[in-house]
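Participant: Pasting a structure below so you can have a look.
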Amino acid sequence: MGNSCSSGQAHKEKDNMSQRSEESGSYHIRTSLPNDKQQMLLNHVSHSGVLLEPSTAGQAALQTSIATAPTETSPQATIDKKANLSKMLKNVATPSISDSMSLNSPPGVHSPKDFVSNIPKEIASLSEQLQNLIMGRVAQVKTATRTKKIVIYVSAADSQDCCVEKGSLHNTVYPELRAHCRSKGYELHIVDLHWKTLLEKQQDHEFPELCIGELNRQMEVAYIIPVLFLNNSLGTPLLPITIESADFKMAMESAANQSAQSLLSKWYQLDSASQPPCYRLQPISSHIPGFKETSPEERERGLEEWRSEIERMLDVLVNIFSQELRDTYLTTVVEQEVHNTVFMSQELAKRCIWLNRVYTPNEKTPENLSPGEAELHRRLNNLQRDLRNQLTEKHIVRIPVKFVDGGLNMQISEHVQYINQVIVHLRKHLMEMVNSIIEEYQTKTLLKPYYGIDASLFAELNQQTSFCQKAAQSSTNREKTINDIKNYVIGTTTSPLILYGPEGCGKTTLMARIAQCLPQWLPEAFVLLRFAGISAQSSTIEQLLNSITTQGSLLTYGHKSHCSHDVKTYEKVLLDILAVGGVQRPIIIILDGIDQIKSVHAKTIDWLPVNLPENIKLILSVTSLEQFNDSIMMNLGNESLIKMPSLDENEAKGILLSSVMQYNHSINSKIQDCVLKSVQECTLPLYSKVLAWQTSWWADKEHSIIPKGNVVDQLDLMLEELEAILGVAQVQHALAIMTCTKHGVTDSEMIDLLAFDELFQSSSTYVSWAPACLTWSRLNKHLAPFVQWMLNGGMLCVQWKDSMLRQAVVSRYQKYTVWANKMMYDYYTGRWYDDKPPNLMARLVSQDILLGKCYNRRKLDELPYHYFHLNDHNLEDLPYIHDLCWIYDKICGSNSFQLLEDIYMYKTIIKETDYIEILVNFLETHSNILNYDGRQFYGCFYSYIHEKVLKGEMSTNNMDKRILEAYKIAENPPVLSLVPIRYYSNVNSDDSSNSDNTKPIFKEINFNLIVRLPETENFIVSISTSKEDISVWNVRTCEKVRTLKGISFPTNLIPIDQYKCVVLCKRELRIYDLNLGKFLTKLKGVMNQKMPYFGLHDQSHLVALSRNRMYVNLMNLDSGDCVTTFKAGEDRFLNSLLVSGDGRILVCGDETQKPFPLLVWNLQSKKLLYDLRIPHHDFITSLSAITHEGHYVCCVCYEIDEPNPNFIVVYDLQSGTLFKKWKPSYNTVSLEISSPGSCVISGLEDARILVWDLITGNCRWCLIGHTAPVNLLRLDPTGSLCLSTDSEGRDRSIRIWDLNKGDLVAVYTPPSNISACEITRSGQHILLGLEGFPELVGLQLKGPNITNISSEELYGLIENTGKVFELKESDVC
């Protein structure tokens, strides 16, 4: 009641999910336990503050029951369901479509598991949540709301009393924490509105609404850390904004005298329009005219009079209200804030820090307290008691300090020491909170790469889906239009469908509603949904088509497309993908506002196909048909065009009134009569939304609402009134900054920018920039329905939601654009950071490109944009195009798409050169590789130019100066890079860089195995099973030095020395001399067909699993005879064989015994050493590794009767005891052990690589970068570097890791899947066998501190160099 906007119980029920109620109002009552009286006051608060959309606009009351998911999946059942939709729509309440189609009860709910039979295994392997997301099942997705944003929310009972402590938080602690967060890729924002500003002094409900509204706004997307400054005061008490009718009448009857009754009647009037009716506090200016005056003297007198009235009324209410009613109606701002954080969320209670100053000697409670003072004292004690019960002891910081009249004095050493203690405690606790939040986000976020699917796609789909869910809540009556679109979707038309209508007519909400209906119309269909302009990936036509093409390729083939980044290519590739995907199931593409996105390079409509593949539907919405060329219009026809119908007057009135009610919770007759007349002139839903929102600004104030009759003028009036509320100059500057940015502005950036503007500085507040905090929060409150969060590269920015309002702001504040661009440019170039003004130290941030290990993405994205707008006629030497270091940083820190946008932008005003043409073509053809990891830039660029030189397309003699300079830099890069040794051609494509690589074309595997040769660093040997040959390669030149052909089906090879090797041919083991190119001998017996395992004991012997797998044979390599056998026992079958590098220890798995044991033999003594087992567990012996000297063996293990992820065990083979045991949170899919590095390396199913320390048992490093499970690991000969890749090609890149430092050394993405790979000492060379490539691909590690030692070493006899030996099968017999 009184101050309540929503039920506390609603919050309590959602506490475990750590989410605020979707219907929570702008602030809540103090008490932590709701009662029935508080429950009834849901609609009594005047202004909800941060409501983004009128969620019930034009709708009847929402139903809480969930629609039952249909169980029929037959074609006839599907047709019946489609036919029933129109019947269902006819029964809904006007002017909405069915409530059963709301988010609370999605239509036709189907689980993705109903359709897993025809989807790629990569998609089927995803969680159901991610499957819903990528399949476009909007109604079933629970979108992730948490982002990489952390907010410190400061609550202060008495802002003047604790201003010194708060100042230390802002000026000392916050900058350090912010720098730490930025180095991790997180934004740290601080919200502190308590600075005793004029708004706070008013003692009305605008300030508490603002505080709680800002808190709720941040809670939607960020992790909140409440910091409470509460000492011996609750702060300024507030009057209840509403009083329930029965309670008010009781108060009037209980009033002691006529004066008290008159006072209550004066300030509280019956609001019969509220549901239920209540008595509402009247605007201050209605009885104190001086409160409205602009004169400081008059306003101060008005404030004094108002404070006197408050004291009188509070005395009356305290005397006549019971304790229960006092807890319900009487409150302060700090009580509201604590209630909405600590008492409403266990998560926030765990993070809250309470700073309590304790004066010595203790202040005594005064005697003879007035009733009002006694009430405040009672509530303070209750609040502190509840806080002690809710918070952990370590988060209650009580610091004693000597009491001095006048408060804290920084000239007193004891007080300085006290503030230093405050800083230490705040720094310690906040750093702990920040680090725990970062760890929680990394552990729990769903938006991570899985099975080759980039996290950026999941983030884009999450943002699109979230936007759709919100937009679908505001829908008007469009029954006929919905039925027309339904008929198109279930019909046989092969043309796109275009929905057109003016801005503000409701196209977006209708498209969102259609997306929710699609699972009911076509349950098996995939939906590719995009609302243009709501994210960076949907802001240009190239990025939008890339995003759709990637999603379509994943749903069709299970991997992303690798085509060139240009509209022409996307147009072709997308149609090919849809043609294949449409054979399996219907695919529906919905593109809203396609004509509203930026056209930086290509027109937005030219790519539109007029004929779609079968089973494919494409629905677009545009403002007009003028942009379509004649040929498109002729091919489309009228049946492919739907004009958005206008609302009739009654529908417009219904929307307007429901929106007003939603925003105000009450409609008085004056407002109702005023606004209803205006819809006769304009029935656009946007007009009703704007007009309804304006009423919320003045609902509790005496102000005339002026309807203008059209959207443009109404928006202009809204901006004019905003200027009247916040100040003309302040609005001009703040909105100019918002509008001039490329991707919006973050909260912390906006405070920084406004803090350096003198308009937002004050000498009356403890920190001079306090008005900047207040103004930005008030702006967000007053523009809530028209702005939105935009996630770009992990950073959450505020940008315009409605294009019409953005246009109105641009038009109105055009002359401030250059000023805003200059502010942004100075900010990102670090001008203020370099100057370091002392009064703004809290708002200074470094603008280095690299912040710790994270790039300053905001600078990389925004700086070229503002430079362009400030220097559009002086762009001869462009640092953001010509500087290769900037280009490298931009690609690494942002992506190639953003760099291309910069180049497209600059190309509009400068002459195109050969350099720019080459750079654009390179970026377009290599965009997927560079976006995967920009650290490949130098290697890729060198290979790209080198290829053109070798083909004769370019020459270093007449090459453009800038190209030649870039070419030379790339040849010897300034960062560690893997550079191809020479140009390689793909036999399956004339131009591999431009090939689509989307379709699953069969590519010949020419290399099945690559192995290092002992006693040399310069040569390796490869096996080609299909070609039946073995080749020796020079790793420095990547050329063959020997080739042995005619070897029957070779599948495995182990070198004996530099020249001799054992080769598995079919089921036989043969010895070959690679130097002389001849067969030497064949070992007796045959191998097991499925498990042909063998290993080298010494240069004269090997061990091999017998044909029946019951024992292991020790074979003589010279004679081919079996020397001895190792037998596990009768009827025991071995399933693995592992030999230590020195040939001393043999480990085999036994699949017969339960549980599976590991059997360990000493090959020298020929004795069984250990029979290792774990009760109720089995070993996965295919995932095992042994150290070179045989001291340790590691193996993956799993619990037989439990579905938990598998885990890793390490045995000490010197004692036969379990040495270490590690349980990662995901299954292990690959394993290696490094004796020199003293570590175990495990590749996990979630694409991470963990490095475990063999000595301490701790996880030494968590290596992140791959997007698919890493199932192949290779150690270099030193054991200090590890090569990792995914052999299934979901992530076809290789990465080289430094196991000692936990750093990525280099990364390379080949043009085709890897079939075999090897790494040489110190990672100097990498050899890759690629599908479809007839030659090995050699990579050389180049960069700083890399010494490439030339070698003239020859392999064996010089006369055999490059020789091909033709061997005959008859030689073996």
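FYI, nothing fancy with the structure tokens labels: chains A, B, ... in order, residues from 1 per chain, ligands from 1 as they appear.
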Give me the residues near Ser688 in chain A as a PyMOL selection string, where near means some atom within 9 Å (using only C-alpha atoms) and where sequence neighbours in that chain fewer than 6 positions away do not count.
Facilitator: chain A and resi 652-653+655-657+659-660+675+679+682+711
Participant: Grab the residues selected above and save them as a PDB file, in the first residue's frame with N, CA, C and O atoms.
Facilitator:
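To be explicit, this is the file written out as selection-v1.pdb:
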ATOM      1  N   ALA A 652      -7.833   2.772 -31.553  1.00  0.00           N
ATOM      2  CA  ALA A 652      -6.801   3.717 -31.127  1.00  0.00           C
ATOM      3  C   ALA A 652      -7.076   4.215 -29.715  1.00  0.00           C
ATOM      4  O   ALA A 652      -6.158   4.364 -28.895  1.00  0.00           O
ATOM      5  N   LYS A 653      -8.341   4.467 -29.405  1.00  0.00           N
ATOM      6  CA  LYS A 653      -8.704   4.910 -28.053  1.00  0.00           C
ATOM      7  C   LYS A 653      -8.402   3.817 -27.035  1.00  0.00           C
ATOM      8  O   LYS A 653      -7.918   4.089 -25.926  1.00  0.00           O
ATOM      9  N   ILE A 655      -6.129   1.473 -27.211  1.00  0.00           N
ATOM     10  CA  ILE A 655      -4.680   1.413 -27.001  1.00  0.00           C
ATOM     11  C   ILE A 655      -4.218   2.569 -26.135  1.00  0.00           C
ATOM     12  O   ILE A 655      -3.418   2.404 -25.202  1.00  0.00           O
ATOM     13  N   LEU A 656      -4.733   3.754 -26.437  1.00  0.00           N
ATOM     14  CA  LEU A 656      -4.313   4.944 -25.700  1.00  0.00           C
ATOM     15  C   LEU A 656      -4.669   4.833 -24.222  1.00  0.00           C
ATOM     16  O   LEU A 656      -3.838   5.065 -23.348  1.00  0.00           O
ATOM     17  N   LEU A 657      -5.896   4.445 -23.934  1.00  0.00           N
ATOM     18  CA  LEU A 657      -6.328   4.368 -22.543  1.00  0.00           C
ATOM     19  C   LEU A 657      -5.600   3.268 -21.780  1.00  0.00           C
ATOM     20  O   LEU A 657      -5.209   3.450 -20.625  1.00  0.00           O
ATOM     21  N   SER A 659      -2.647   2.156 -22.455  1.00  0.00           N
ATOM     22  CA  SER A 659      -1.264   2.604 -22.276  1.00  0.00           C
ATOM     23  C   SER A 659      -1.177   3.623 -21.151  1.00  0.00           C
ATOM     24  O   SER A 659      -0.257   3.587 -20.327  1.00  0.00           O
ATOM     25  N   VAL A 660      -2.131   4.556 -21.121  1.00  0.00           N
ATOM     26  CA  VAL A 660      -2.147   5.553 -20.042  1.00  0.00           C
ATOM     27  C   VAL A 660      -2.293   4.857 -18.702  1.00  0.00           C
ATOM     28  O   VAL A 660      -1.610   5.190 -17.725  1.00  0.00           O
ATOM     29  N   VAL A 675      -6.792  13.570 -24.005  1.00  0.00           N
ATOM     30  CA  VAL A 675      -6.045  12.747 -24.957  1.00  0.00           C
ATOM     31  C   VAL A 675      -6.944  11.988 -25.924  1.00  0.00           C
ATOM     32  O   VAL A 675      -6.548  11.709 -27.052  1.00  0.00           O
ATOM     33  N   VAL A 679      -6.986  11.240 -30.842  1.00  0.00           N
ATOM     34  CA  VAL A 679      -6.884  10.059 -31.690  1.00  0.00           C
ATOM     35  C   VAL A 679      -7.836  10.139 -32.878  1.00  0.00           C
ATOM     36  O   VAL A 679      -7.764   9.305 -33.791  1.00  0.00           O
ATOM     37  N   CYS A 682      -5.149  11.180 -35.414  1.00  0.00           N
ATOM     38  CA  CYS A 682      -4.037  10.250 -35.685  1.00  0.00           C
ATOM     39  C   CYS A 682      -4.267   8.958 -34.910  1.00  0.00           C
ATOM     40  O   CYS A 682      -4.383   8.988 -33.687  1.00  0.00           O
ATOM     41  N   VAL A 711       2.460  12.323 -35.091  1.00  0.00           N
ATOM     42  CA  VAL A 711       3.597  11.786 -34.353  1.00  0.00           C
ATOM     43  C   VAL A 711       4.762  12.768 -34.308  1.00  0.00           C
ATOM     44  O   VAL A 711       5.371  12.985 -33.258  1.00  0.00           O
TER      45      VAL A 711
END
Participant: I'd like the neighbourhood of Ile1056 in chain A as an MDAnalysis selection string, where a residue qualifies if any of its atoms comes within 10 Å (using only C-alpha atoms), though same-chain residues fewer than 6 positions away should be ignored.
Facilitator: chainID A and resid 1013:1014 1062 1071:1073 1096:1102 1117
Participant: So how many Å separate CA of Gly552 in chain A and CA of Gly581 in chain A, to one decimal?
Facilitator: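 We find that CA of Gly552 in chain A and CA of Gly581 in chain A lie 7.8 Å from each other.
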Participant: Hey, what's within 12 Å of Lys448 in chain A if we count only C-alpha atoms and toss same-chain stuff fewer than 3 positions away? As a ChimeraX atom specification, please?
Facilitator: /A:126-127,130,144,441-445,451-460,462,794,1246-1248,1264-1268
Participant: Name the residues in contact with Asp826 in chain A at a cut-off of 12 Å, using only C-alpha atoms, excluding same-chain residues fewer than 3 positions from it; report them as a PyMOL selection string.
Facilitator: chain A and resi 752-753+756+819-823+829-835+847+859+862-863+866-867+870
Participant: Do a neighbour search on Leu177 in chain A at 12 Å with only C-alpha atoms, toss out local chain neighbours closer than 4 positions, and write the hits as a ChimeraX atom specification.
Facilitator: /A:150-152,169-173,181-184,186-190,423,426-435,842,845
Participant: Separation of CA of Cys505 in chain A and CA of Leu686 in chain A, in Å?
Facilitator: 6.6 Å
Participant: Write out as a list in words which residues come within 7 Å of Lys801 in chain A when counting only C-alpha atoms, dropping same-chain ones fewer than 6 positions away.
Facilitator: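 Near neighbours after the sequence-gap exclusion: Phe786, Val787 and Gln788 of chain A.
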Participant: Write out the residues from the selection above, keeping C-alpha atoms, as a PDB file, in the first residue's frame.
Facilitator:
ATOM      1  CA  PHE A 786      12.077   4.908 -26.577  1.00  0.00           C
ATOM      2  CA  VAL A 787      15.573   3.666 -25.717  1.00  0.00           C
ATOM      3  CA  GLN A 788      16.972   0.157 -25.552  1.00  0.00           C
TER       4      GLN A 788
END
Participant: CA of Tyr888 in chain A to CA of His869 in chain A: how many Å, to one decimal?
Facilitator: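 Computed distance, CA of Tyr888 in chain A to CA of His869 in chain A, equals 22.9 Å.
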Participant: Please, which residues in range 125-226 of chain A fall within 12 Å of range 408-418 of chain A when counting only C-alpha atoms, and what is the closest atom pair and distance in Å to one decimal for each, ordered by chain then residue number, as CSV?
Facilitator:
residue,atom,partner,partner_atom,distance
A:Gln160,CA,A:Leu408,CA,10.7
A:Asp161,CA,A:Leu408,CA,8.5
A:Cys162,CA,A:Leu408,CA,8.8
A:Cys163,CA,A:Leu408,CA,9.4
A:Val164,CA,A:Leu408,CA,7.4
A:Glu165,CA,A:Tyr418,CA,9.3
A:Ser168,CA,A:Val416,CA,10.9
Participant: Hey, can you spit out that residue selection with N, CA and C atoms as a PDB file, in the first residue's frame?
Facilitator:
ATOM      1  N   GLN A 160      24.563  13.770   3.124  1.00  0.00           N
ATOM      2  CA  GLN A 160      25.502  14.770   3.620  1.00  0.00           C
ATOM      3  C   GLN A 160      26.399  14.189   4.713  1.00  0.00           C
ATOM      4  N   ASP A 161      25.826  13.321   5.528  1.00  0.00           N
ATOM      5  CA  ASP A 161      26.563  12.751   6.649  1.00  0.00           C
ATOM      6  C   ASP A 161      27.688  11.827   6.180  1.00  0.00           C
ATOM      7  N   CYS A 162      27.497  11.117   5.047  1.00  0.00           N
ATOM      8  CA  CYS A 162      28.494  10.131   4.605  1.00  0.00           C
ATOM      9  C   CYS A 162      29.164  10.541   3.298  1.00  0.00           C
ATOM     10  N   CYS A 163      29.151  11.817   2.967  1.00  0.00           N
ATOM     11  CA  CYS A 163      29.703  12.258   1.678  1.00  0.00           C
ATOM     12  C   CYS A 163      31.208  12.009   1.587  1.00  0.00           C
ATOM     13  N   VAL A 164      31.924  12.057   2.704  1.00  0.00           N
ATOM     14  CA  VAL A 164      33.372  11.832   2.657  1.00  0.00           C
ATOM     15  C   VAL A 164      33.657  10.358   2.334  1.00  0.00           C
ATOM     16  N   GLU A 165      32.933   9.466   2.995  1.00  0.00           N
ATOM     17  CA  GLU A 165      33.115   8.032   2.710  1.00  0.00           C
ATOM     18  C   GLU A 165      32.743   7.714   1.258  1.00  0.00           C
ATOM     19  N   SER A 168      35.435   8.849  -1.094  1.00  0.00           N
ATOM     20  CA  SER A 168      36.587   7.945  -1.165  1.00  0.00           C
ATOM     21  C   SER A 168      36.277   6.737  -2.054  1.00  0.00           C
TER      22      SER A 168
END
